[in-house]
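K.L.:
Provided herewith: my_file_29.cif, mmCIF, C-alpha atoms and all ligand atoms.
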```
data_my_file
#
loop_
_atom_site.label_atom_id
_atom_site.label_comp_id
_atom_site.auth_asym_id
_atom_site.auth_seq_id
_atom_site.Cartn_x
_atom_site.Cartn_y
_atom_site.Cartn_z
CA MET A 1 3.31 16.67 12.65
CA THR A 2 0.43 15.00 14.50
CA ALA A 3 1.20 12.18 16.89
CA VAL A 4 -2.10 10.44 16.14
CA ARG A 5 -1.52 6.98 14.70
CA ALA A 6 -3.23 5.69 11.56
CA THR A 7 -6.21 3.36 11.88
CA ILE A 8 -5.51 -0.11 10.51
CA LEU A 9 -8.39 -1.41 8.40
CA GLN A 10 -9.09 -5.04 7.50
CA ALA A 11 -10.31 -6.39 4.15
CA ASP A 12 -13.92 -6.65 5.36
CA ASP A 13 -14.04 -2.99 6.40
CA LEU A 14 -12.92 -0.87 3.45
CA THR A 15 -15.69 1.74 3.74
CA PRO A 16 -13.64 4.37 5.64
CA ALA A 17 -10.86 4.02 3.03
CA ILE A 18 -13.31 4.42 0.15
CA HIS A 19 -14.76 7.59 1.71
CA ALA A 20 -11.30 8.97 2.45
CA LEU A 21 -10.09 8.40 -1.12
CA ARG A 22 -13.22 10.00 -2.58
CA ALA A 23 -12.73 12.98 -0.26
CA GLY A 24 -9.16 13.53 -1.48
CA ASP A 25 -7.28 11.90 1.42
CA VAL A 26 -4.47 9.37 1.06
CA VAL A 27 -4.67 5.71 2.19
CA ALA A 28 -1.92 3.07 2.39
CA ILE A 29 -2.99 -0.01 0.43
CA PRO A 30 -1.56 -3.48 -0.10
CA THR A 31 -0.53 -4.64 -3.57
CA GLU A 32 1.16 -7.86 -4.66
CA THR A 33 4.55 -6.07 -4.88
CA VAL A 34 4.83 -3.59 -1.97
CA TYR A 35 2.39 -1.37 -0.06
CA GLY A 36 1.44 1.85 -1.86
CA LEU A 37 0.33 5.28 -0.63
CA ALA A 38 -2.79 5.86 -2.74
CA GLY A 39 -4.73 8.98 -3.69
CA ASN A 40 -7.15 10.03 -6.45
CA ALA A 41 -4.94 10.41 -9.54
CA PHE A 42 -7.20 13.15 -10.95
CA ASP A 43 -7.07 15.29 -7.80
CA VAL A 44 -4.08 17.65 -7.54
CA HIS A 45 -4.67 18.10 -3.80
CA ALA A 46 -4.62 14.36 -3.13
CA VAL A 47 -1.47 13.97 -5.24
CA THR A 48 0.18 16.93 -3.48
CA LYS A 49 -0.56 15.20 -0.19
CA ILE A 50 1.15 11.99 -1.39
CA PHE A 51 4.33 13.96 -2.17
CA SER A 52 4.31 15.83 1.12
CA VAL A 53 3.58 12.79 3.33
CA LYS A 54 6.46 10.91 1.67
CA GLU A 55 8.74 13.98 1.53
CA ARG A 56 9.18 12.96 -2.10
CA PRO A 57 10.78 15.43 -4.53
CA SER A 58 8.35 16.55 -7.22
CA PHE A 59 10.64 15.35 -10.03
CA ASP A 60 9.88 11.70 -9.20
CA PRO A 61 6.70 10.62 -11.08
CA LEU A 62 3.94 8.42 -9.61
CA ILE A 63 2.46 5.21 -11.01
CA VAL A 64 -1.30 5.26 -11.70
CA HIS A 65 -3.13 2.10 -10.57
CA VAL A 66 -6.24 0.97 -12.44
CA ALA A 67 -9.14 -1.46 -12.00
CA ASP A 68 -9.04 -4.82 -13.72
CA HIS A 69 -11.86 -4.14 -16.19
CA LEU A 70 -9.65 -1.58 -17.99
CA LYS A 71 -7.36 -4.04 -19.72
CA SER A 72 -6.72 -2.20 -23.03
CA ALA A 73 -5.44 1.11 -24.38
CA ALA A 74 -8.95 1.95 -25.63
CA LEU A 75 -10.58 1.43 -22.21
CA LEU A 76 -7.82 3.34 -20.41
CA GLU A 77 -8.28 6.26 -22.78
CA GLU A 78 -12.01 6.28 -22.03
CA ALA A 79 -11.15 6.25 -18.32
CA GLY A 80 -9.03 9.41 -18.81
CA VAL A 81 -5.67 7.80 -17.99
CA ILE A 82 -3.74 7.43 -21.27
CA ASP A 83 -3.83 9.21 -24.65
CA ARG A 84 -4.26 6.65 -27.40
CA SER A 85 -4.24 9.32 -30.11
CA ALA A 86 -0.58 10.01 -29.25
CA MET A 87 0.30 6.31 -29.66
CA SER A 88 1.20 4.64 -32.96
CA PRO A 89 -0.74 1.48 -33.96
CA ALA A 90 2.38 -0.56 -33.15
CA MET A 91 2.63 0.95 -29.66
CA ILE A 92 -1.06 0.27 -29.02
CA ARG A 93 -0.61 -3.33 -30.12
CA THR A 94 2.39 -3.79 -27.80
CA PHE A 95 0.46 -2.18 -24.94
CA ASP A 96 -2.57 -4.42 -25.42
CA ASP A 97 -0.45 -7.56 -25.84
CA LEU A 98 1.49 -6.86 -22.64
CA ALA A 99 -1.70 -5.97 -20.73
CA ARG A 100 -3.33 -9.22 -21.85
CA ALA A 101 -0.26 -11.25 -20.90
CA PHE A 102 0.69 -9.71 -17.56
CA TRP A 103 -2.23 -7.73 -16.11
CA PRO A 104 -3.35 -7.77 -13.41
CA GLY A 105 0.26 -8.09 -12.29
CA PRO A 106 3.56 -6.40 -11.48
CA LEU A 107 4.17 -4.60 -14.79
CA THR A 108 4.05 -0.79 -15.17
CA MET A 109 3.87 0.59 -18.71
CA VAL A 110 4.93 4.19 -19.41
CA VAL A 111 2.88 5.65 -22.31
CA PRO A 112 1.43 9.05 -23.40
CA ARG A 113 -0.81 10.48 -20.70
CA HIS A 114 -4.38 11.75 -20.92
CA HIS A 115 -4.85 15.50 -20.27
CA GLN A 116 -6.98 14.62 -17.23
CA ILE A 117 -3.90 13.31 -15.42
CA PRO A 118 -2.35 16.31 -13.61
CA ASP A 119 1.23 17.40 -14.35
CA LEU A 120 2.23 16.63 -10.78
CA VAL A 121 1.51 12.88 -11.22
CA THR A 122 4.00 12.58 -14.08
CA SER A 123 6.40 15.27 -12.82
CA GLY A 124 5.54 17.29 -15.90
CA LEU A 125 6.45 14.47 -18.32
CA ASP A 126 4.07 13.82 -21.21
CA ARG A 127 3.97 10.13 -20.26
CA VAL A 128 2.31 8.29 -17.42
CA GLY A 129 3.18 4.97 -15.76
CA VAL A 130 0.10 2.68 -15.56
CA ARG A 131 -0.30 -0.57 -13.68
CA MET A 132 -3.11 -2.97 -12.79
CA PRO A 133 -2.24 -4.48 -9.40
CA ASP A 134 -2.93 -8.17 -8.79
CA HIS A 135 -4.30 -7.90 -5.26
CA LYS A 136 -7.87 -8.58 -4.13
CA ILE A 137 -8.02 -5.60 -1.76
CA ALA A 138 -6.41 -3.14 -4.19
CA GLN A 139 -8.85 -4.24 -6.89
CA ALA A 140 -11.87 -4.10 -4.56
CA LEU A 141 -10.92 -0.51 -3.69
CA LEU A 142 -10.32 0.54 -7.29
CA ARG A 143 -13.70 -0.84 -8.32
CA ALA A 144 -15.50 0.79 -5.39
CA VAL A 145 -13.82 4.20 -5.67
CA LYS A 146 -14.21 4.23 -9.47
CA LEU A 147 -11.10 6.37 -9.85
CA PRO A 148 -7.54 5.64 -10.92
CA LEU A 149 -5.24 5.79 -7.90
CA ALA A 150 -1.77 7.33 -7.98
CA ALA A 151 0.39 5.33 -5.59
CA PRO A 152 4.11 5.33 -4.91
CA SER A 153 5.53 2.85 -2.40
CA ALA A 154 4.33 3.77 1.11
CA ASN A 155 7.72 4.65 2.58
CA ARG A 156 9.42 7.93 3.34
CA PHE A 157 11.47 9.02 0.34
CA GLY A 158 14.68 7.03 -0.17
CA ARG A 159 13.78 4.41 2.44
CA ILE A 160 13.00 0.72 2.10
CA SER A 161 9.63 -0.10 0.49
CA PRO A 162 7.12 -1.58 3.00
CA THR A 163 5.98 -5.17 2.51
CA SER A 164 3.59 -5.39 5.49
CA ALA A 165 1.08 -3.12 7.23
CA SER A 166 3.41 -2.84 10.24
CA ASP A 167 6.23 -1.63 7.95
CA VAL A 168 3.87 1.09 6.70
CA MET A 169 3.02 2.04 10.30
CA GLU A 170 6.73 2.35 11.03
CA GLU A 171 7.26 4.60 7.97
CA LEU A 172 4.11 6.73 7.89
CA GLY A 173 1.91 5.72 10.85
CA ASP A 174 2.00 9.23 12.35
CA ARG A 175 1.34 11.01 9.04
CA ILE A 176 -1.74 9.33 7.53
CA ASN A 177 -5.24 8.32 8.65
CA PHE A 178 -5.64 4.79 7.23
CA VAL A 179 -3.54 1.73 6.48
CA ILE A 180 -5.28 -1.28 4.97
CA ASP A 181 -3.79 -4.56 6.21
CA GLY A 182 -3.54 -7.10 3.40
CA GLY A 183 -0.88 -9.27 5.03
CA PRO A 184 2.65 -9.66 3.70
CA CYS A 185 3.17 -8.85 -0.01
CA ASP A 186 3.64 -11.90 -2.27
CA VAL A 187 6.22 -10.53 -4.69
CA GLY A 188 8.19 -8.29 -2.33
CA VAL A 189 9.95 -6.04 -4.88
CA GLU A 190 8.33 -3.24 -6.89
CA SER A 191 6.83 -3.73 -10.35
CA THR A 192 8.86 -3.96 -13.54
CA VAL A 193 8.68 -0.55 -15.26
CA VAL A 194 8.94 -0.39 -19.06
CA ALA A 195 8.61 2.56 -21.44
CA LEU A 196 6.94 1.83 -24.79
CA ASP A 197 8.30 3.31 -28.02
CA ASP A 198 6.88 2.79 -31.51
CA ASP A 199 9.03 -0.21 -32.22
CA ARG A 200 10.68 -1.13 -28.96
CA VAL A 201 10.36 -1.47 -25.21
CA TRP A 202 12.82 0.00 -22.70
CA LEU A 203 13.42 -1.45 -19.24
CA LEU A 204 13.32 1.38 -16.67
CA ARG A 205 13.23 -0.80 -13.53
CA PRO A 206 13.62 -4.61 -13.22
CA GLY A 207 10.93 -6.56 -11.33
CA MET A 208 9.16 -9.91 -11.41
CA ILE A 209 8.15 -9.63 -15.08
CA SER A 210 11.55 -10.25 -16.64
CA PRO A 211 12.86 -8.93 -19.99
CA SER A 212 12.80 -12.49 -21.39
CA LYS A 213 9.11 -12.97 -20.49
CA ILE A 214 8.28 -9.65 -22.17
CA LYS A 215 10.28 -10.66 -25.24
CA GLU A 216 8.31 -13.92 -25.48
CA VAL A 217 5.10 -11.89 -25.78
CA ILE A 218 6.12 -9.07 -28.12
CA GLY A 219 8.84 -10.84 -30.11
CA LEU A 220 11.24 -7.93 -29.60
CA PRO A 221 14.16 -7.75 -27.19
CA VAL A 222 13.74 -5.41 -24.24
CA GLU A 223 16.33 -2.66 -24.46
CA GLN A 224 18.34 -1.61 -21.43
CA THR A 225 17.72 2.00 -20.43
CA SER A 226 19.56 4.55 -22.49
CA SER A 227 20.71 7.85 -21.04
CA LYS A 228 17.70 9.36 -22.81
CA HIS A 229 15.35 7.33 -20.62
CA GLU A 230 17.37 7.85 -17.44
CA LYS A 231 16.53 11.50 -17.95
CA ALA A 232 12.94 10.65 -18.75
CA SER A 233 12.72 8.66 -15.51
CA PRO A 234 14.30 10.99 -13.00
CA GLY A 235 13.03 8.95 -10.06
CA MET A 236 15.57 6.23 -10.80
CA LEU A 237 18.13 7.62 -8.39
CA ALA A 238 21.20 5.50 -7.83
CA SER A 239 20.76 5.58 -4.05
CA HIS A 240 17.34 4.33 -2.97
CA TYR A 241 15.64 1.65 -0.90
CA ALA A 242 18.30 2.28 1.70
CA PRO A 243 18.56 1.12 5.30
CA ARG A 244 19.81 3.72 7.78
CA LYS A 245 22.98 1.76 8.41
CA PRO A 246 25.54 1.61 5.63
CA LEU A 247 25.15 -1.56 3.54
CA PHE A 248 28.14 -2.85 1.58
CA MET A 249 28.09 -5.43 -1.21
CA ILE A 250 30.92 -7.91 -0.70
CA GLU A 251 32.12 -9.81 -3.77
CA ASP A 252 34.97 -11.62 -1.99
CA ARG A 253 36.85 -11.36 1.27
CA GLN A 254 39.66 -9.26 -0.26
CA SER A 255 37.11 -6.58 -1.15
CA ILE A 256 36.39 -5.70 2.51
CA PRO A 257 38.41 -2.51 3.22
CA GLU A 258 40.62 -2.35 6.35
CA ASN A 259 38.53 0.41 7.93
CA LEU A 260 35.43 -1.81 8.06
CA ARG A 261 37.01 -4.96 9.47
CA ALA A 262 36.68 -4.06 13.16
CA LYS A 263 33.01 -3.04 12.84
CA THR A 264 30.13 -5.14 14.14
CA PHE A 265 28.00 -6.35 11.25
CA GLY A 266 24.85 -8.12 10.17
CA ALA A 267 25.03 -10.44 7.15
CA LEU A 268 22.51 -10.42 4.32
CA ILE A 269 23.08 -13.45 2.12
CA ALA A 270 21.27 -12.90 -1.14
CA GLY A 271 21.87 -16.34 -2.54
CA GLY A 272 24.43 -19.04 -2.98
CA ASP A 273 25.82 -21.44 -0.46
CA GLU A 274 25.55 -20.08 3.08
CA TYR A 275 28.89 -21.51 4.21
CA GLU A 276 30.69 -20.11 1.19
CA ALA A 277 28.98 -16.74 1.62
CA LEU A 278 29.97 -16.55 5.31
CA GLN A 279 33.57 -17.31 4.30
CA ARG A 280 33.59 -13.94 2.59
CA PHE A 281 33.21 -12.26 5.95
CA SER A 282 36.05 -14.20 7.59
CA THR A 283 38.36 -11.15 7.62
CA MET A 284 35.95 -9.39 10.00
CA THR A 285 37.19 -9.37 13.60
CA GLN A 286 33.86 -10.47 15.09
CA ALA A 287 31.13 -12.93 14.21
CA PRO A 288 28.00 -11.46 12.60
CA SER A 289 25.33 -10.19 15.04
CA GLU A 290 22.62 -11.53 12.75
CA VAL A 291 22.68 -13.61 9.57
CA ILE A 292 19.77 -13.61 7.12
CA LEU A 293 19.79 -16.06 4.23
CA LEU A 294 17.12 -15.01 1.75
CA SER A 295 16.56 -18.47 0.29
CA LYS A 296 18.17 -21.76 1.29
CA SER A 297 17.02 -23.37 -1.93
CA GLN A 298 18.18 -20.39 -4.03
CA ASP A 299 14.62 -19.67 -5.04
CA SER A 300 14.52 -16.09 -6.40
CA ALA A 301 10.80 -15.65 -5.63
CA GLU A 302 11.38 -16.54 -1.96
CA ALA A 303 14.45 -14.27 -1.85
CA ALA A 304 12.54 -11.30 -3.35
CA GLN A 305 9.67 -11.76 -0.94
CA LYS A 306 12.02 -11.59 2.05
CA LEU A 307 14.47 -8.94 0.80
CA PHE A 308 13.03 -5.71 2.22
CA ALA A 309 11.95 -7.26 5.54
CA ALA A 310 15.52 -8.60 5.88
CA MET A 311 16.98 -5.11 5.29
CA ARG A 312 14.62 -3.68 7.91
CA SER A 313 15.51 -6.38 10.42
CA LEU A 314 19.27 -5.88 9.95
CA ASP A 315 18.77 -2.13 10.24
CA LYS A 316 17.34 -2.74 13.74
CA CYS A 317 19.84 -5.35 14.94
CA GLY A 318 22.70 -4.32 17.19
CA CYS A 319 25.33 -3.94 14.47
CA GLU A 320 27.11 -0.96 12.90
CA ILE A 321 27.05 -2.02 9.26
CA ILE A 322 25.34 -4.52 6.94
CA LEU A 323 27.38 -6.72 4.64
CA ALA A 324 25.53 -8.31 1.72
CA THR A 325 26.58 -10.89 -0.82
CA PRO A 326 25.35 -10.33 -4.39
CA PRO A 327 22.69 -12.63 -5.90
CA PRO A 328 23.88 -15.82 -7.61
CA SER A 329 22.65 -14.79 -11.07
CA THR A 330 20.96 -12.07 -13.09
CA ASP A 331 18.10 -14.27 -14.34
CA GLY A 332 14.45 -13.42 -13.65
CA LEU A 333 13.85 -11.93 -10.23
CA TRP A 334 17.57 -12.09 -9.30
CA LEU A 335 18.04 -9.09 -11.61
CA ALA A 336 15.56 -7.08 -9.52
CA ILE A 337 17.10 -8.27 -6.23
CA GLY A 338 20.60 -7.26 -7.42
CA ASP A 339 19.24 -3.89 -8.59
CA ARG A 340 17.63 -3.11 -5.20
CA LEU A 341 20.72 -4.25 -3.27
CA ARG A 342 23.01 -2.11 -5.42
CA ARG A 343 20.77 0.92 -4.90
CA ALA A 344 20.77 0.29 -1.14
CA ALA A 345 24.56 -0.13 -1.06
CA THR A 346 27.21 2.40 -0.11
CA PRO A 347 30.09 2.23 -2.60
CA LEU A 348 33.21 0.60 -1.13
CA ALA A 349 36.15 2.98 -0.81
CA LYS A 350 38.88 1.98 -3.24
O1 LIG B 401 5.13 -2.11 -7.51
C1 LIG B 401 5.07 -0.89 -7.64
O2 LIG B 401 5.27 -0.32 -8.73
C2 LIG B 401 4.74 -0.05 -6.40
C3 LIG B 401 3.31 -0.38 -5.97
C4 LIG B 401 2.82 0.49 -4.85
O3 LIG B 401 2.46 -0.35 -7.08
N1 LIG B 401 4.90 1.34 -6.67
C5 LIG B 401 6.12 1.93 -6.76
O4 LIG B 401 6.06 3.29 -6.96
O5 LIG B 401 7.17 1.31 -6.68
P1 LIG B 401 7.32 4.25 -6.76
O6 LIG B 401 6.78 5.62 -6.81
O7 LIG B 401 8.06 3.89 -5.53
O8 LIG B 401 8.18 4.06 -8.04
C6 LIG B 401 7.71 4.55 -9.26
C7 LIG B 401 8.82 4.73 -10.25
C8 LIG B 401 9.31 6.18 -10.30
O9 LIG B 401 10.32 6.42 -9.35
C9 LIG B 401 9.82 6.28 -11.71
O10 LIG B 401 11.15 5.88 -11.74
C10 LIG B 401 8.93 5.30 -12.49
O11 LIG B 401 8.30 4.47 -11.57
N2 LIG B 401 7.90 6.06 -13.22
C11 LIG B 401 6.63 6.34 -12.84
N3 LIG B 401 6.00 7.12 -13.75
C12 LIG B 401 6.90 7.34 -14.74
C13 LIG B 401 6.89 8.11 -15.94
N4 LIG B 401 5.83 8.81 -16.31
N5 LIG B 401 8.00 8.11 -16.70
C14 LIG B 401 9.09 7.42 -16.31
N6 LIG B 401 9.19 6.70 -15.18
C15 LIG B 401 8.12 6.66 -14.40
MG MG B 402 9.43 3.77 -4.10
#
```
Translate the structure of the given file into structure tokens.

P.N.:
Amino acid sequence: MTAVRATILQADDLTPAIHALRAGDVVAIPTETVYGLAGNAFDVHAVTKIFSVKERPSFDPLIVHVADHLKSAALLEEAGVIDRSAMSPAMIRTFDDLARAFWPGPLTMVVPRHHQIPDLVTSGLDRVGVRMPDHKIAQALLRAVKLPLAAPSANRFGRISPTSASDVMEELGDRINFVIDGGPCDVGVESTVVALDDDRVWLLRPGMISPSKIKEVIGLPVEQTSSKHEKASPGMLASHYAPRKPLFMIEDRQSIPENLRAKTFGALIAGGDEYEALQRFSTMTQAPSEVILLSKSQDSAEAAQKLFAAMRSLDKCGCEIILATPPPSTDGLWLAIGDRLRRAATPLAK
């Protein structure tokens, strides 16, 4: 592994990144959700590099990012990304309706893939995840490179997704050549992922675009993932987005096991009243080393934006474990925040 650090590029100097992407290299790019590690989606070598830099297992498929002039199934077929001939008229209508409503934005749709998309991108599945990011820099790059870009989150496999250029440097700074600095990400949690069927839509990963917003557009309820789709989306591992220190979700003070009570801890308060939340930790023998309240006003957008940076900060503070309270509800973005916290959490011993 080389010790050379990546060059950080600013928005007004994208030329080295454009050349690198065209030449088959990988570049970390900002999006509205989290930073991604991008490479030419048509180039097996570039995609292989994404997997090896991340140490990502090949069974976990990548999302393909597209430019904002490709807002329909017909245009994405022409661009060699999706296969419209394998989609029913109803599926095409749903795809186009959702693209019109939410793109550019944090929604990934999983649909039949074009033969130009290599097997490695989709982990051999016959479907590809497509998304049109809502970020000026990501869009400027996509337009300039004139290629779809495969991009997973720019973290080492299983770690917390990066929401700033310095997070990317911490994760991959010694493994890649370029990181584009687009400032902190607005949304803070990864895109909503849905799989389209002929007559329904399945939620594979919650994000900012909630099931109820999708239902408003297509007039059909969004189905929770069945075991069939869990298999079709092998990347959805239960343990993910994890800090290095064990993180435990604490429902109430009785749920803290004896063996944890003497440990030093940092507190991650996902929502709710701070005083009440801290009461939950009152059986701990020491005061928390650090307390992070994601949103004083219980604003789910603010909480999502701060979530991963908070996990990183608590991972670095001088404590042995992280104790988190669950979000106050499962509405909108709280569903995504609860999902990421549960995936980061170590199960409590019974
Ligand atoms: O917001 C985001 O989606 C970010 C930014 C960079 O765009 N990307 C991201 O990628 O979160 P990643 O690789 O960390 O997560 C992609 C997940 C996969 O783990 C998988 O669960 C699902 O999306 N996915 C992608 N392609 C799929 C496919 N063909 N079938 C089923 N699930 C798929
Ligand atoms: Mg990821």

K.L.:
What residues have any atom no more than 6 Å from ligand LIG 401 (chain B) when counting only C-alpha atoms and all ligand atoms, and can you list them as a ChimeraX atom specification?

P.N.:
/A:33-36,60-63,110,122,127-129,151-153,190-191,232-233,235-236

K.L.:
What gap, in Å, lies between atom CA of A:Asp252 and atom CA of A:Leu323?

P.N.:
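About the pair atom CA of A:Asp252 and atom CA of A:Leu323: they are 11.2 Å apart.
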
K.L.:
Box along x, y and z, 8 Å on every side, all listed atoms of stretch 155-168 of chain A inside: centre and edge lengths in Å to one decimal, as AutoDock Vina command-line options.

P.N.:
```
--center_x 7.9 --center_y 1.8 --center_z 5.0 --size_x 29.6 --size_y 30.4 --size_z 26.4
```

K.L.:
May I ask which of the residues A:Gly158, A:Pro326, A:Gly124, A:Pro243 is the closest one to ligand MG 402 (chain B), counting all atoms listed in the file?

P.N.:
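That would be A:Gly158, the residue with the smallest distance to ligand MG 402 (chain B).
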
K.L.:
Which is closer to A:Thr108 than all the others in A:Arg131, A:Arg342, A:Lys263, A:Lys136, using all atoms listed in the file?

P.N.:
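Counting all atoms listed in the file, the residue closest to A:Thr108 is A:Arg131.
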
K.L.:
From the options A:Asn177, A:Thr225, A:Thr192, A:Thr346, which residue's atoms come nearest to A:Thr7, counting all atoms listed in the file?

P.N.:
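Looking at the shortest contact to A:Thr7, the residue is A:Asn177.
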
K.L.:
Do you have the atom CA of A:Val291-atom CA of A:Ala304 distance handy?

P.N.:
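These two atoms are separated by 16.6 Å.
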
K.L.:
Need to verify the contact set: A:Lys296, 12 Å, all atoms listed in the file, exclusion of same-chain residues closer than 5 positions in sequence. Can you return it as a PDB file with C-alpha atoms, keeping the file's coordinate frame?

P.N.:
```
ATOM      1  CA  ILE A 269      23.080 -13.450   2.120  1.00  0.00           C
ATOM      2  CA  ALA A 270      21.270 -12.900  -1.140  1.00  0.00           C
ATOM      3  CA  GLY A 271      21.870 -16.340  -2.540  1.00  0.00           C
ATOM      4  CA  GLY A 272      24.430 -19.040  -2.980  1.00  0.00           C
ATOM      5  CA  ASP A 273      25.820 -21.440  -0.460  1.00  0.00           C
ATOM      6  CA  GLU A 274      25.550 -20.080   3.080  1.00  0.00           C
ATOM      7  CA  TYR A 275      28.890 -21.510   4.210  1.00  0.00           C
ATOM      8  CA  ALA A 277      28.980 -16.740   1.620  1.00  0.00           C
ATOM      9  CA  ALA A 301      10.800 -15.650  -5.630  1.00  0.00           C
ATOM     10  CA  GLU A 302      11.380 -16.540  -1.960  1.00  0.00           C
ATOM     11  CA  ALA A 303      14.450 -14.270  -1.850  1.00  0.00           C
ATOM     12  CA  LYS A 306      12.020 -11.590   2.050  1.00  0.00           C
TER      13      LYS A 306
END
```

K.L.:
If I take atom CA of A:Ser161 and atom CA of A:Pro328, how far is one from the other in Å, to one decimal?

P.N.:
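Going from atom CA of A:Ser161 over to atom CA of A:Pro328, I get 22.7 Å.
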
K.L.:
With all atoms listed in the file as the atoms that count, which of A:Val53, A:Met109, A:Ile180, A:Val81 lies nearest to A:Pro16?

P.N.:
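Answer, going by the shortest atom-to-atom distance: A:Ile180.
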
K.L.:
Could you list, as an MDAnalysis selection string, every residue within 10 Å of A:Met311, counting only C-alpha atoms and ignoring same-chain residues fewer than 4 positions away?

P.N.:
chainID A and resid 160 241:245 247 266:268 292 306:307 315:316 322 324 341 344

K.L.:
For A:Leu260, which of A:Ala138, A:Ile8, A:Met284, A:Ile117 is the closest residue, counting only C-alpha atoms?

P.N.:
A:Met284

K.L.:
Please output stretch 259-271 of chain A, rebuilt to include N, CA, C and O atoms, as a compact mmCIF listing (two decimals), keeping the file's coordinate frame.

P.N.:
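This went into part36.txt:
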```txt
# COMPACT_ATOMS: atom_id res chain seq x y z
N ASN A 259 39.25 -0.43 6.97
CA ASN A 259 38.53 0.41 7.93
C ASN A 259 37.18 -0.17 8.35
O ASN A 259 36.56 0.29 9.29
N LEU A 260 36.71 -1.20 7.67
CA LEU A 260 35.43 -1.81 8.06
C LEU A 260 35.63 -3.05 8.92
O LEU A 260 34.71 -3.51 9.58
N ARG A 261 36.84 -3.61 8.92
CA ARG A 261 37.01 -4.96 9.47
C ARG A 261 36.75 -5.08 10.96
O ARG A 261 36.38 -6.16 11.42
N ALA A 262 36.92 -3.98 11.71
CA ALA A 262 36.68 -4.06 13.16
C ALA A 262 35.23 -3.75 13.53
O ALA A 262 34.84 -3.81 14.69
N LYS A 263 34.41 -3.42 12.56
CA LYS A 263 33.01 -3.04 12.84
C LYS A 263 32.17 -4.28 13.16
O LYS A 263 32.45 -5.38 12.67
N THR A 264 31.09 -4.06 13.95
CA THR A 264 30.13 -5.14 14.14
C THR A 264 29.20 -5.12 12.93
O THR A 264 28.88 -4.07 12.39
N PHE A 265 28.77 -6.31 12.50
CA PHE A 265 28.00 -6.35 11.25
C PHE A 265 26.89 -7.39 11.27
O PHE A 265 26.93 -8.37 12.03
N GLY A 266 25.88 -7.13 10.44
CA GLY A 266 24.85 -8.12 10.17
C GLY A 266 25.05 -8.60 8.74
O GLY A 266 25.50 -7.83 7.89
N ALA A 267 24.76 -9.87 8.48
CA ALA A 267 25.03 -10.44 7.15
C ALA A 267 23.73 -10.70 6.40
O ALA A 267 22.81 -11.33 6.92
N LEU A 268 23.67 -10.18 5.18
CA LEU A 268 22.51 -10.42 4.32
C LEU A 268 22.99 -11.27 3.15
O LEU A 268 23.74 -10.80 2.29
N ILE A 269 22.58 -12.53 3.15
CA ILE A 269 23.08 -13.45 2.12
C ILE A 269 22.01 -13.60 1.04
O ILE A 269 20.96 -14.18 1.28
N ALA A 270 22.29 -12.99 -0.11
CA ALA A 270 21.27 -12.90 -1.14
C ALA A 270 21.05 -14.23 -1.85
O ALA A 270 19.99 -14.47 -2.42
N GLY A 271 22.04 -15.06 -1.86
CA GLY A 271 21.87 -16.34 -2.54
C GLY A 271 23.18 -17.08 -2.48
O GLY A 271 24.16 -16.56 -1.96
```
